[in-house]
file coords-v5.pdb (PDB, C-alpha atoms and all ligand atoms)
ATOM      1  CA  MET X   1     -19.130  -9.436 -18.514  1.00  0.00           C
ATOM      2  CA  PHE X   2     -15.433  -8.996 -19.283  1.00  0.00           C
ATOM      3  CA  GLN X   3     -13.812  -6.320 -17.217  1.00  0.00           C
ATOM      4  CA  ARG X   4     -10.326  -5.028 -17.936  1.00  0.00           C
ATOM      5  CA  LYS X   5      -8.093  -4.513 -14.984  1.00  0.00           C
ATOM      6  CA  ILE X   6      -7.403  -0.918 -14.062  1.00  0.00           C
ATOM      7  CA  ASN X   7      -3.664  -1.278 -14.661  1.00  0.00           C
ATOM      8  CA  GLU X   8      -4.096  -2.703 -18.149  1.00  0.00           C
ATOM      9  CA  ASN X   9      -5.132   0.714 -19.414  1.00  0.00           C
ATOM     10  CA  PRO X  10      -1.942   2.713 -20.195  1.00  0.00           C
ATOM     11  CA  GLU X  11      -3.653   5.877 -19.010  1.00  0.00           C
ATOM     12  CA  ASN X  12      -4.080   4.343 -15.585  1.00  0.00           C
ATOM     13  CA  ARG X  13      -0.458   3.461 -14.894  1.00  0.00           C
ATOM     14  CA  PRO X  14       0.903   4.692 -11.572  1.00  0.00           C
ATOM     15  CA  HIS X  15       2.846   7.741 -12.747  1.00  0.00           C
ATOM     16  CA  HIS X  16      -0.343   9.096 -14.300  1.00  0.00           C
ATOM     17  CA  VAL X  17      -2.638   8.542 -11.349  1.00  0.00           C
ATOM     18  CA  GLN X  18      -0.826  10.051  -8.420  1.00  0.00           C
ATOM     19  CA  THR X  19      -2.860  13.215  -8.307  1.00  0.00           C
ATOM     20  CA  GLU X  20      -5.642  12.856 -10.829  1.00  0.00           C
ATOM     21  CA  ALA X  21      -8.722  10.753 -11.151  1.00  0.00           C
ATOM     22  CA  VAL X  22      -8.838   8.109 -13.860  1.00  0.00           C
ATOM     23  CA  LYS X  23     -11.803   6.199 -15.258  1.00  0.00           C
ATOM     24  CA  THR X  24     -11.915   2.466 -14.924  1.00  0.00           C
ATOM     25  CA  PRO X  25     -13.838   0.395 -17.447  1.00  0.00           C
ATOM     26  CA  LYS X  26     -16.747   0.275 -14.951  1.00  0.00           C
ATOM     27  CA  ARG X  27     -16.806   4.107 -15.142  1.00  0.00           C
ATOM     28  CA  MET X  28     -15.709   4.257 -11.538  1.00  0.00           C
ATOM     29  CA  LYS X  29     -13.009   6.804 -10.800  1.00  0.00           C
ATOM     30  CA  LEU X  30      -9.914   5.618  -8.990  1.00  0.00           C
ATOM     31  CA  LYS X  31      -7.890   8.313  -7.334  1.00  0.00           C
ATOM     32  CA  ILE X  32      -4.576   7.916  -5.550  1.00  0.00           C
ATOM     33  CA  SER X  33      -3.812  10.759  -3.167  1.00  0.00           C
ATOM     34  CA  GLU X  34      -1.734  11.576  -0.125  1.00  0.00           C
ATOM     35  CA  LEU X  35      -2.707   9.898   3.127  1.00  0.00           C
ATOM     36  CA  THR X  36      -3.348  12.692   5.597  1.00  0.00           C
ATOM     37  CA  ILE X  37      -4.325  12.367   9.218  1.00  0.00           C
ATOM     38  CA  GLU X  38      -7.879  13.483   8.365  1.00  0.00           C
ATOM     39  CA  SER X  39      -8.393  10.015   6.810  1.00  0.00           C
ATOM     40  CA  TYR X  40      -7.102   8.200   9.897  1.00  0.00           C
ATOM     41  CA  GLU X  41     -10.383   6.721  11.126  1.00  0.00           C
ATOM     42  CA  ARG X  42     -11.372   5.321   7.723  1.00  0.00           C
ATOM     43  CA  VAL X  43      -7.865   4.020   7.028  1.00  0.00           C
ATOM     44  CA  PHE X  44      -7.644   2.395  10.445  1.00  0.00           C
ATOM     45  CA  ASP X  45     -11.018   0.753   9.833  1.00  0.00           C
ATOM     46  CA  LEU X  46      -9.757  -0.643   6.501  1.00  0.00           C
ATOM     47  CA  TRP X  47      -6.574  -1.984   8.120  1.00  0.00           C
ATOM     48  CA  ASN X  48      -8.638  -3.495  10.900  1.00  0.00           C
ATOM     49  CA  ARG X  49     -10.748  -5.410   8.376  1.00  0.00           C
ATOM     50  CA  CYS X  50      -7.722  -6.919   6.602  1.00  0.00           C
ATOM     51  CA  ASP X  51      -6.067 -10.174   7.579  1.00  0.00           C
ATOM     52  CA  GLY X  52      -2.370  -9.692   7.098  1.00  0.00           C
ATOM     53  CA  ILE X  53      -2.257  -6.279   8.787  1.00  0.00           C
ATOM     54  CA  GLY X  54      -1.011  -6.284  12.364  1.00  0.00           C
ATOM     55  CA  LEU X  55      -2.066  -3.260  14.378  1.00  0.00           C
ATOM     56  CA  GLY X  56      -0.466  -2.207  17.627  1.00  0.00           C
ATOM     57  CA  ASP X  57       0.403   0.726  19.838  1.00  0.00           C
ATOM     58  CA  SER X  58       2.330   2.372  17.000  1.00  0.00           C
ATOM     59  CA  ASP X  59      -0.946   2.789  15.117  1.00  0.00           C
ATOM     60  CA  THR X  60      -2.716   5.256  17.382  1.00  0.00           C
ATOM     61  CA  LYS X  61      -3.835   8.475  15.710  1.00  0.00           C
ATOM     62  CA  GLU X  62      -1.062  10.337  17.504  1.00  0.00           C
ATOM     63  CA  ASN X  63       1.642   7.953  16.304  1.00  0.00           C
ATOM     64  CA  ILE X  64       0.397   7.818  12.728  1.00  0.00           C
ATOM     65  CA  ALA X  65       0.274  11.645  12.717  1.00  0.00           C
ATOM     66  CA  LEU X  66       3.925  11.660  13.822  1.00  0.00           C
ATOM     67  CA  PHE X  67       4.875   9.156  11.108  1.00  0.00           C
ATOM     68  CA  LEU X  68       3.134  11.241   8.420  1.00  0.00           C
ATOM     69  CA  LYS X  69       4.804  14.411   9.672  1.00  0.00           C
ATOM     70  CA  ARG X  70       8.242  12.770   9.522  1.00  0.00           C
ATOM     71  CA  ASN X  71       7.555  11.400   6.023  1.00  0.00           C
ATOM     72  CA  PRO X  72       5.505  14.041   4.220  1.00  0.00           C
ATOM     73  CA  GLY X  73       3.762  13.012   0.995  1.00  0.00           C
ATOM     74  CA  MET X  74       4.998   9.416   1.039  1.00  0.00           C
ATOM     75  CA  SER X  75       1.938   7.525   2.252  1.00  0.00           C
ATOM     76  CA  CYS X  76      -1.182   7.336   0.130  1.00  0.00           C
ATOM     77  CA  ILE X  77      -4.769   6.204  -0.169  1.00  0.00           C
ATOM     78  CA  ALA X  78      -6.872   4.959  -3.088  1.00  0.00           C
ATOM     79  CA  LYS X  79     -10.487   6.055  -3.417  1.00  0.00           C
ATOM     80  CA  MET X  80     -13.252   5.113  -5.819  1.00  0.00           C
ATOM     81  CA  GLY X  81     -15.630   7.988  -5.640  1.00  0.00           C
ATOM     82  CA  ASP X  82     -15.990   8.608  -1.915  1.00  0.00           C
ATOM     83  CA  THR X  83     -15.133   5.045  -0.997  1.00  0.00           C
ATOM     84  CA  LEU X  84     -11.724   4.348   0.487  1.00  0.00           C
ATOM     85  CA  VAL X  85     -10.460   1.196  -1.224  1.00  0.00           C
ATOM     86  CA  GLY X  86      -6.773   1.134  -0.312  1.00  0.00           C
ATOM     87  CA  ALA X  87      -4.096   2.627   1.884  1.00  0.00           C
ATOM     88  CA  VAL X  88      -0.396   2.314   2.615  1.00  0.00           C
ATOM     89  CA  LEU X  89       2.213   3.916   4.837  1.00  0.00           C
ATOM     90  CA  ALA X  90       5.680   4.694   3.495  1.00  0.00           C
ATOM     91  CA  GLY X  91       8.675   6.453   4.923  1.00  0.00           C
ATOM     92  CA  HIS X  92      12.426   6.306   5.385  1.00  0.00           C
ATOM     93  CA  ASP X  93      15.047   6.844   8.042  1.00  0.00           C
ATOM     94  CA  GLY X  94      17.604   8.440   5.727  1.00  0.00           C
ATOM     95  CA  ARG X  95      19.167   5.081   4.827  1.00  0.00           C
ATOM     96  CA  ARG X  96      16.393   2.704   3.820  1.00  0.00           C
ATOM     97  CA  GLY X  97      12.753   2.993   2.900  1.00  0.00           C
ATOM     98  CA  TYR X  98       9.950   1.175   4.679  1.00  0.00           C
ATOM     99  CA  ILE X  99       6.445   0.341   3.492  1.00  0.00           C
ATOM    100  CA  TYR X 100       3.860  -0.651   6.098  1.00  0.00           C
ATOM    101  CA  HIS X 101       0.214  -1.656   6.196  1.00  0.00           C
ATOM    102  CA  LEU X 102      -0.503  -2.007   2.482  1.00  0.00           C
ATOM    103  CA  ALA X 103      -4.206  -2.844   2.288  1.00  0.00           C
ATOM    104  CA  VAL X 104      -6.854  -3.015  -0.424  1.00  0.00           C
ATOM    105  CA  SER X 105     -10.464  -3.637   0.575  1.00  0.00           C
ATOM    106  CA  ALA X 106     -11.505  -7.242  -0.085  1.00  0.00           C
ATOM    107  CA  ASN X 107     -13.976  -6.489  -2.881  1.00  0.00           C
ATOM    108  CA  HIS X 108     -11.502  -4.321  -4.806  1.00  0.00           C
ATOM    109  CA  ARG X 109      -8.543  -6.696  -4.865  1.00  0.00           C
ATOM    110  CA  GLN X 110      -6.693  -8.031  -7.901  1.00  0.00           C
ATOM    111  CA  GLN X 111      -7.452  -4.971  -9.994  1.00  0.00           C
ATOM    112  CA  GLY X 112      -3.970  -3.461  -9.728  1.00  0.00           C
ATOM    113  CA  ILE X 113      -4.715  -1.083  -6.850  1.00  0.00           C
ATOM    114  CA  GLY X 114      -2.092  -2.561  -4.504  1.00  0.00           C
ATOM    115  CA  ARG X 115       0.500  -2.301  -7.242  1.00  0.00           C
ATOM    116  CA  MET X 116      -0.404   1.363  -7.860  1.00  0.00           C
ATOM    117  CA  LEU X 117      -0.145   2.245  -4.169  1.00  0.00           C
ATOM    118  CA  VAL X 118       3.296   0.654  -3.925  1.00  0.00           C
ATOM    119  CA  ALA X 119       4.411   2.395  -7.138  1.00  0.00           C
ATOM    120  CA  HIS X 120       3.452   5.733  -5.582  1.00  0.00           C
ATOM    121  CA  CYS X 121       5.497   4.990  -2.474  1.00  0.00           C
ATOM    122  CA  ILE X 122       8.522   3.759  -4.413  1.00  0.00           C
ATOM    123  CA  GLY X 123       8.417   6.864  -6.607  1.00  0.00           C
ATOM    124  CA  ARG X 124       8.460   9.112  -3.539  1.00  0.00           C
ATOM    125  CA  LEU X 125      11.258   7.136  -1.902  1.00  0.00           C
ATOM    126  CA  LYS X 126      13.321   7.292  -5.082  1.00  0.00           C
ATOM    127  CA  THR X 127      12.817  11.059  -5.276  1.00  0.00           C
ATOM    128  CA  ALA X 128      14.076  11.247  -1.694  1.00  0.00           C
ATOM    129  CA  GLY X 129      17.281   9.465  -2.757  1.00  0.00           C
ATOM    130  CA  ILE X 130      16.474   6.139  -1.120  1.00  0.00           C
ATOM    131  CA  SER X 131      17.809   3.155  -3.079  1.00  0.00           C
ATOM    132  CA  LYS X 132      16.317   0.226  -1.181  1.00  0.00           C
ATOM    133  CA  CYS X 133      13.072  -0.439   0.637  1.00  0.00           C
ATOM    134  CA  HIS X 134      12.001  -3.072   3.165  1.00  0.00           C
ATOM    135  CA  ILE X 135       8.591  -4.395   4.094  1.00  0.00           C
ATOM    136  CA  PHE X 136       7.453  -6.560   6.985  1.00  0.00           C
ATOM    137  CA  MET X 137       5.074  -9.426   6.273  1.00  0.00           C
ATOM    138  CA  PHE X 138       3.600 -12.150   8.464  1.00  0.00           C
ATOM    139  CA  THR X 139       5.150 -15.439   7.339  1.00  0.00           C
ATOM    140  CA  ASP X 140       1.721 -17.066   6.940  1.00  0.00           C
ATOM    141  CA  ASN X 141       0.405 -14.335   4.599  1.00  0.00           C
ATOM    142  CA  ALA X 142       0.182 -16.432   1.423  1.00  0.00           C
ATOM    143  CA  ALA X 143      -1.683 -13.862  -0.711  1.00  0.00           C
ATOM    144  CA  GLY X 144       0.632 -11.099   0.476  1.00  0.00           C
ATOM    145  CA  LYS X 145       3.654 -13.195  -0.457  1.00  0.00           C
ATOM    146  CA  LYS X 146       2.269 -13.752  -3.951  1.00  0.00           C
ATOM    147  CA  PHE X 147       1.733 -10.010  -4.325  1.00  0.00           C
ATOM    148  CA  TRP X 148       5.286  -9.086  -3.266  1.00  0.00           C
ATOM    149  CA  ASP X 149       6.819 -11.964  -5.251  1.00  0.00           C
ATOM    150  CA  ALA X 150       4.992 -10.820  -8.390  1.00  0.00           C
ATOM    151  CA  ALA X 151       6.407  -7.326  -7.917  1.00  0.00           C
ATOM    152  CA  GLY X 152       9.973  -8.622  -7.646  1.00  0.00           C
ATOM    153  CA  TRP X 153      10.553  -8.294  -3.910  1.00  0.00           C
ATOM    154  CA  SER X 154      12.979 -10.825  -2.386  1.00  0.00           C
ATOM    155  CA  CYS X 155      12.368 -12.661   0.843  1.00  0.00           C
ATOM    156  CA  ARG X 156      15.410 -12.414   3.155  1.00  0.00           C
ATOM    157  CA  ASN X 157      16.058 -15.745   4.815  1.00  0.00           C
ATOM    158  CA  ASP X 158      19.384 -14.538   6.195  1.00  0.00           C
ATOM    159  CA  ILE X 159      17.859 -11.962   8.536  1.00  0.00           C
ATOM    160  CA  GLY X 160      15.532 -12.376  11.516  1.00  0.00           C
ATOM    161  CA  MET X 161      13.595  -9.608  13.186  1.00  0.00           C
ATOM    162  CA  LEU X 162      14.063  -8.868  16.878  1.00  0.00           C
ATOM    163  CA  SER X 163      11.984  -6.396  18.882  1.00  0.00           C
ATOM    164  CA  ARG X 164      11.599  -5.058  22.414  1.00  0.00           C
ATOM    165  CA  PHE X 165       9.586  -2.375  24.067  1.00  0.00           C
ATOM    166  CA  ILE X 166      11.435   0.702  25.270  1.00  0.00           C
ATOM    167  CA  ASP X 167      10.091   1.606  28.687  1.00  0.00           C
TER     168      ASP X 167
HETATM  169  C1  LIG X 201      -1.794  -7.791  -0.702  1.00  0.00           C
HETATM  170  C2  LIG X 201      -2.833  -6.838  -1.266  1.00  0.00           C
HETATM  171  C3  LIG X 201      -2.532  -5.413  -0.794  1.00  0.00           C
HETATM  172  C4  LIG X 201      -2.755  -6.879  -2.801  1.00  0.00           C
HETATM  173  O1  LIG X 201      -3.589  -5.842  -3.322  1.00  0.00           O
HETATM  174  P1  LIG X 201      -4.271  -5.979  -4.761  1.00  0.00           P
HETATM  175  O2  LIG X 201      -4.798  -4.657  -5.132  1.00  0.00           O
HETATM  176  O3  LIG X 201      -5.223  -7.113  -4.753  1.00  0.00           O
HETATM  177  O4  LIG X 201      -3.014  -6.376  -5.660  1.00  0.00           O
HETATM  178  P2  LIG X 201      -2.845  -6.122  -7.237  1.00  0.00           P
HETATM  179  O5  LIG X 201      -4.153  -6.301  -7.908  1.00  0.00           O
HETATM  180  O6  LIG X 201      -2.137  -4.841  -7.460  1.00  0.00           O
HETATM  181  O7  LIG X 201      -1.914  -7.354  -7.625  1.00  0.00           O
HETATM  182  C5  LIG X 201      -0.692  -7.211  -8.310  1.00  0.00           C
HETATM  183  C6  LIG X 201      -0.155  -8.600  -8.598  1.00  0.00           C
HETATM  184  O8  LIG X 201       0.069  -9.320  -7.389  1.00  0.00           O
HETATM  185  C7  LIG X 201      -0.316 -10.698  -7.553  1.00  0.00           C
HETATM  186  N1  LIG X 201      -1.410 -10.980  -6.618  1.00  0.00           N
HETATM  187  C8  LIG X 201      -2.105 -10.100  -5.862  1.00  0.00           C
HETATM  188  N2  LIG X 201      -2.998 -10.753  -5.077  1.00  0.00           N
HETATM  189  C9  LIG X 201      -2.862 -12.054  -5.369  1.00  0.00           C
HETATM  190  C10 LIG X 201      -3.504 -13.235  -4.891  1.00  0.00           C
HETATM  191  N3  LIG X 201      -4.467 -13.187  -3.950  1.00  0.00           N
HETATM  192  N4  LIG X 201      -3.120 -14.422  -5.394  1.00  0.00           N
HETATM  193  C11 LIG X 201      -2.156 -14.500  -6.339  1.00  0.00           C
HETATM  194  N5  LIG X 201      -1.508 -13.406  -6.829  1.00  0.00           N
HETATM  195  C12 LIG X 201      -1.857 -12.211  -6.342  1.00  0.00           C
HETATM  196  C13 LIG X 201      -0.726 -10.872  -8.995  1.00  0.00           C
HETATM  197  O9  LIG X 201       0.414 -11.262  -9.728  1.00  0.00           O
HETATM  198  C14 LIG X 201      -1.123  -9.453  -9.368  1.00  0.00           C
HETATM  199  O10 LIG X 201      -0.946  -9.165 -10.737  1.00  0.00           O
HETATM  200  P3  LIG X 201      -1.958  -9.741 -11.836  1.00  0.00           P
HETATM  201  O11 LIG X 201      -3.333  -9.574 -11.236  1.00  0.00           O
HETATM  202  O12 LIG X 201      -1.689  -8.878 -13.010  1.00  0.00           O
HETATM  203  O13 LIG X 201      -1.584 -11.153 -11.999  1.00  0.00           O
HETATM  204  C15 LIG X 201      -4.277  -7.254  -0.850  1.00  0.00           C
HETATM  205  O14 LIG X 201      -4.448  -8.631  -1.117  1.00  0.00           O
HETATM  206  C16 LIG X 201      -4.562  -7.019   0.620  1.00  0.00           C
HETATM  207  O15 LIG X 201      -4.962  -5.927   1.014  1.00  0.00           O
HETATM  208  N6  LIG X 201      -4.360  -8.032   1.471  1.00  0.00           N
HETATM  209  C17 LIG X 201      -4.640  -7.918   2.902  1.00  0.00           C
HETATM  210  C18 LIG X 201      -3.604  -7.058   3.599  1.00  0.00           C
HETATM  211  C19 LIG X 201      -2.204  -7.597   3.377  1.00  0.00           C
HETATM  212  O16 LIG X 201      -1.937  -8.785   3.518  1.00  0.00           O
HETATM  213  N7  LIG X 201      -1.300  -6.661   3.049  1.00  0.00           N
HETATM  214  C20 LIG X 201       0.106  -6.964   2.821  1.00  0.00           C
HETATM  215  C21 LIG X 201       0.820  -6.838   4.094  1.00  0.00           C
HETATM  216  S1  LIG X 201       2.536  -7.298   3.930  1.00  0.00           S
END

call {"tool": "encode", "arguments": {"input": "coords-v5.pdb", "output": "structure tokens", "more": "lines below"}}
Ligand SMILES: CC(C)(COP(=O)(O)OP(=O)(O)OC[C@H]1O[C@@H](n2cnc3c(N)ncnc32)[C@H](O)[C@@H]1OP(=O)(O)O)[C@@H](O)C(=O)NCCC(=O)NCCS
result
Amino acid sequence: MFQRKINENPENRPHHVQTEAVKTPKRMKLKISELTIESYERVFDLWNRCDGIGLGDSDTKENIALFLKRNPGMSCIAKMGDTLVGAVLAGHDGRRGYIYHLAVSANHRQQGIGRMLVAHCIGRLKTAGISKCHIFMFTDNAAGKKFWDAAGWSCRNDIGMLSRFID
């Protein structure tokens, strides 16, 4: 049976769904709300189930709690009923915004949920006066690349990423 995508209904566009539940054509309610540390275990489990999300020592409950405290209200989750179907971290350092760990559960993909989560983050970053945002993506993440391409994000071939542990 034909099923309209969530984001094809004008009532369901991101600026309308940040705090209130909306009905999808399947009569399931999608709700976007703030990611708080109380959701950590379920969000971590979702990230853990997603190819394309790299988890490391910065993703302990303690470190995520610190990130959320430094960036209040910027990260969000998507729920259908009681089921967590998406999550994303967002924050800034005063100069640029950063979005990490965007994930939608496998059986809820390509319904516009990823786009709504990013729209929430971008809205919060804009309100905070941030004019540009970066994301990090594994170079072999083909589906992820299609998602970011479709949303108008540009791949920077002029910049490489370097890292080291601080001990
Ligand atoms: C990337 C991800 C978050 C996208 O979430 P999603 O809810 O499926 O994305 P949306 O439905 O909002 O897609 C928005 C647009 O992106 C594009 N897109 C998304 N997934 C796509 C895919 N697998 N193939 C082609 N295009 C895709 C489409 O253009 C889509 O718009 P359309 O359906 O109107 O054509 C999801 O695939 C995911 O969780 N992947 C695993 C984790 C991951 O790789 N995260 C990104 C880390 S950088």

call {"tool": "atom_distance", "arguments": {"input": "coords-v5.pdb", "atom1": "atom CA of Leu30 of chain X", "atom2": "atom CA of Leu117 of chain X"}}
result
11.4 Å

call {"tool": "atom_distance", "arguments": {"input": "coords-v5.pdb", "atom1": "atom CA of Gly81 of chain X", "atom2": "atom CA of Leu66 of chain X"}}
result
27.8 Å

call {"tool": "closest_residue", "arguments": {"input": "coords-v5.pdb", "among": "X:Ala150, X:Cys133, X:Ile77, X:Ile37", "to": "ligand LIG 201 (chain X)", "atoms": "only C-alpha atoms and all ligand atoms"}}
result
X:Ala150

call {"tool": "atom_distance", "arguments": {"input": "coords-v5.pdb", "atom1": "atom CA of His108 of chain X", "atom2": "atom CA of Leu55 of chain X"}}
result
21.4 Å

call {"tool": "residues_around", "arguments": {"input": "coords-v5.pdb", "residues": "Val118 of chain X", "least_positions_apart": "6", "cutoff": "10 Å", "atoms": "only C-alpha atoms", "output": "list in words"}}
result
Pro14, Ser75, Cys76, Ala87, Val88, Leu89, Ala90, Ile99, Leu102, Arg124, Trp148 and Ala151 of chain X

call {"tool": "resolve_selection", "arguments": {"input": "coords-v5.pdb", "expression": "the PyMOL selection byres (((chain X and resi 38) around 12) and not hetatm)", "output": "list of chain:residue names"}}
result
X:Glu34, X:Leu35, X:Thr36, X:Ile37, X:Ser39, X:Tyr40, X:Glu41, X:Arg42, X:Val43, X:Phe44, X:Lys61, X:Glu62, X:Ile64, X:Ala65, X:Leu68, X:Ile77

call {"tool": "residues_around", "arguments": {"input": "coords-v5.pdb", "residues": "Leu125 of chain X", "least_positions_apart": "4", "cutoff": "8 Å", "atoms": "all atoms listed in the file", "output": "PyMOL selection string"}}
result
chain X and resi 74+91-92+97+121+129-131

call {"tool": "axis_aligned_box", "arguments": {"input": "coords-v5.pdb", "around": "ligand LIG 201 (chain X)", "padding_each_side": "6 Å", "output": "JSON"}}
result
{"center_x": -1.3, "center_y": -9.6, "center_z": -4.5, "size_x": 19.8, "size_y": 21.8, "size_z": 29.1}

call {"tool": "resolve_selection", "arguments": {"input": "coords-v5.pdb", "expression": "the PyMOL selection byres (((not hetatm)) within 6 of (chain X and resi 201))", "output": "PyMOL selection string"}}
result
chain X and resi 50-53+101-105+109-115+136-137+143-144+146-147+150

call {"tool": "closest_residue", "arguments": {"input": "coords-v5.pdb", "among": "X:Asp167, X:Met161, X:Gly73, X:Ala106", "to": "Ile122 of chain X", "atoms": "all atoms listed in the file"}}
result
X:Gly73

call {"tool": "closest_residue", "arguments": {"input": "coords-v5.pdb", "among": "X:Asp45, X:Asp158, X:Lys132, X:His120", "to": "Arg95 of chain X", "atoms": "all atoms listed in the file"}}
result
X:Lys132

call {"tool": "closest_residue", "arguments": {"input": "coords-v5.pdb", "among": "X:Ala78, X:Arg49, X:Pro72, X:Val85", "to": "Ile32 of chain X", "atoms": "all atoms listed in the file"}}
result
X:Ala78

call {"tool": "residues_around", "arguments": {"input": "coords-v5.pdb", "residues": "Gly160 of chain X", "least_positions_apart": "3", "cutoff": "12 Å", "atoms": "all atoms listed in the file", "output": "list in words"}}
result
Phe136, Thr139, Cys155, Arg156, Asn157 and Ser163 of chain X

call {"tool": "closest_residue", "arguments": {"input": "coords-v5.pdb", "among": "X:Asn71, X:Tyr100, X:Asp149, X:Phe138", "to": "Ser58 of chain X", "atoms": "all atoms listed in the file"}}
result
X:Tyr100

call {"tool": "closest_residue", "arguments": {"input": "coords-v5.pdb", "among": "X:Ile159, X:Leu46, X:Ala128, X:Met28", "to": "Asp93 of chain X", "atoms": "all atoms listed in the file"}}
result
X:Ala128

call {"tool": "decode", "arguments": {"input": "coords-v5.pdb", "residues": "segment 154-165 of chain X", "atoms": "N, CA and C atoms", "output": "PDB file, in the first residue's frame"}}
result
ATOM      1  N   SER X 154      28.887  19.974   1.331  1.00  0.00           N
ATOM      2  CA  SER X 154      30.008  19.809   0.401  1.00  0.00           C
ATOM      3  C   SER X 154      31.132  19.026   1.042  1.00  0.00           C
ATOM      4  N   CYS X 155      31.666  18.101   0.263  1.00  0.00           N
ATOM      5  CA  CYS X 155      32.813  17.320   0.726  1.00  0.00           C
ATOM      6  C   CYS X 155      34.077  18.159   0.535  1.00  0.00           C
ATOM      7  N   ARG X 156      34.903  18.287   1.580  1.00  0.00           N
ATOM      8  CA  ARG X 156      36.126  19.082   1.488  1.00  0.00           C
ATOM      9  C   ARG X 156      37.292  18.178   1.112  1.00  0.00           C
ATOM     10  N   ASN X 157      37.768  18.313  -0.094  1.00  0.00           N
ATOM     11  CA  ASN X 157      38.922  17.522  -0.517  1.00  0.00           C
ATOM     12  C   ASN X 157      40.231  18.239  -0.245  1.00  0.00           C
ATOM     13  N   ASP X 158      40.123  19.493   0.229  1.00  0.00           N
ATOM     14  CA  ASP X 158      41.331  20.284   0.482  1.00  0.00           C
ATOM     15  C   ASP X 158      41.805  20.170   1.927  1.00  0.00           C
ATOM     16  N   ILE X 159      41.065  19.427   2.737  1.00  0.00           N
ATOM     17  CA  ILE X 159      41.411  19.341   4.163  1.00  0.00           C
ATOM     18  C   ILE X 159      41.475  17.878   4.567  1.00  0.00           C
ATOM     19  N   GLY X 160      42.533  17.511   5.311  1.00  0.00           N
ATOM     20  CA  GLY X 160      42.609  16.174   5.896  1.00  0.00           C
ATOM     21  C   GLY X 160      42.424  16.285   7.394  1.00  0.00           C
ATOM     22  N   MET X 161      42.082  15.194   8.024  1.00  0.00           N
ATOM     23  CA  MET X 161      41.885  15.224   9.470  1.00  0.00           C
ATOM     24  C   MET X 161      43.061  14.543  10.161  1.00  0.00           C
ATOM     25  N   LEU X 162      43.618  15.182  11.152  1.00  0.00           N
ATOM     26  CA  LEU X 162      44.714  14.602  11.922  1.00  0.00           C
ATOM     27  C   LEU X 162      44.281  14.519  13.379  1.00  0.00           C
ATOM     28  N   SER X 163      44.695  13.469  14.064  1.00  0.00           N
ATOM     29  CA  SER X 163      44.276  13.281  15.459  1.00  0.00           C
ATOM     30  C   SER X 163      45.431  12.733  16.284  1.00  0.00           C
ATOM     31  N   ARG X 164      45.407  12.974  17.576  1.00  0.00           N
ATOM     32  CA  ARG X 164      46.316  12.288  18.502  1.00  0.00           C
ATOM     33  C   ARG X 164      45.677  12.270  19.882  1.00  0.00           C
ATOM     34  N   PHE X 165      46.041  11.287  20.634  1.00  0.00           N
ATOM     35  CA  PHE X 165      45.569  11.243  22.015  1.00  0.00           C
ATOM     36  C   PHE X 165      46.365  12.235  22.858  1.00  0.00           C
TER      37      PHE X 165
END
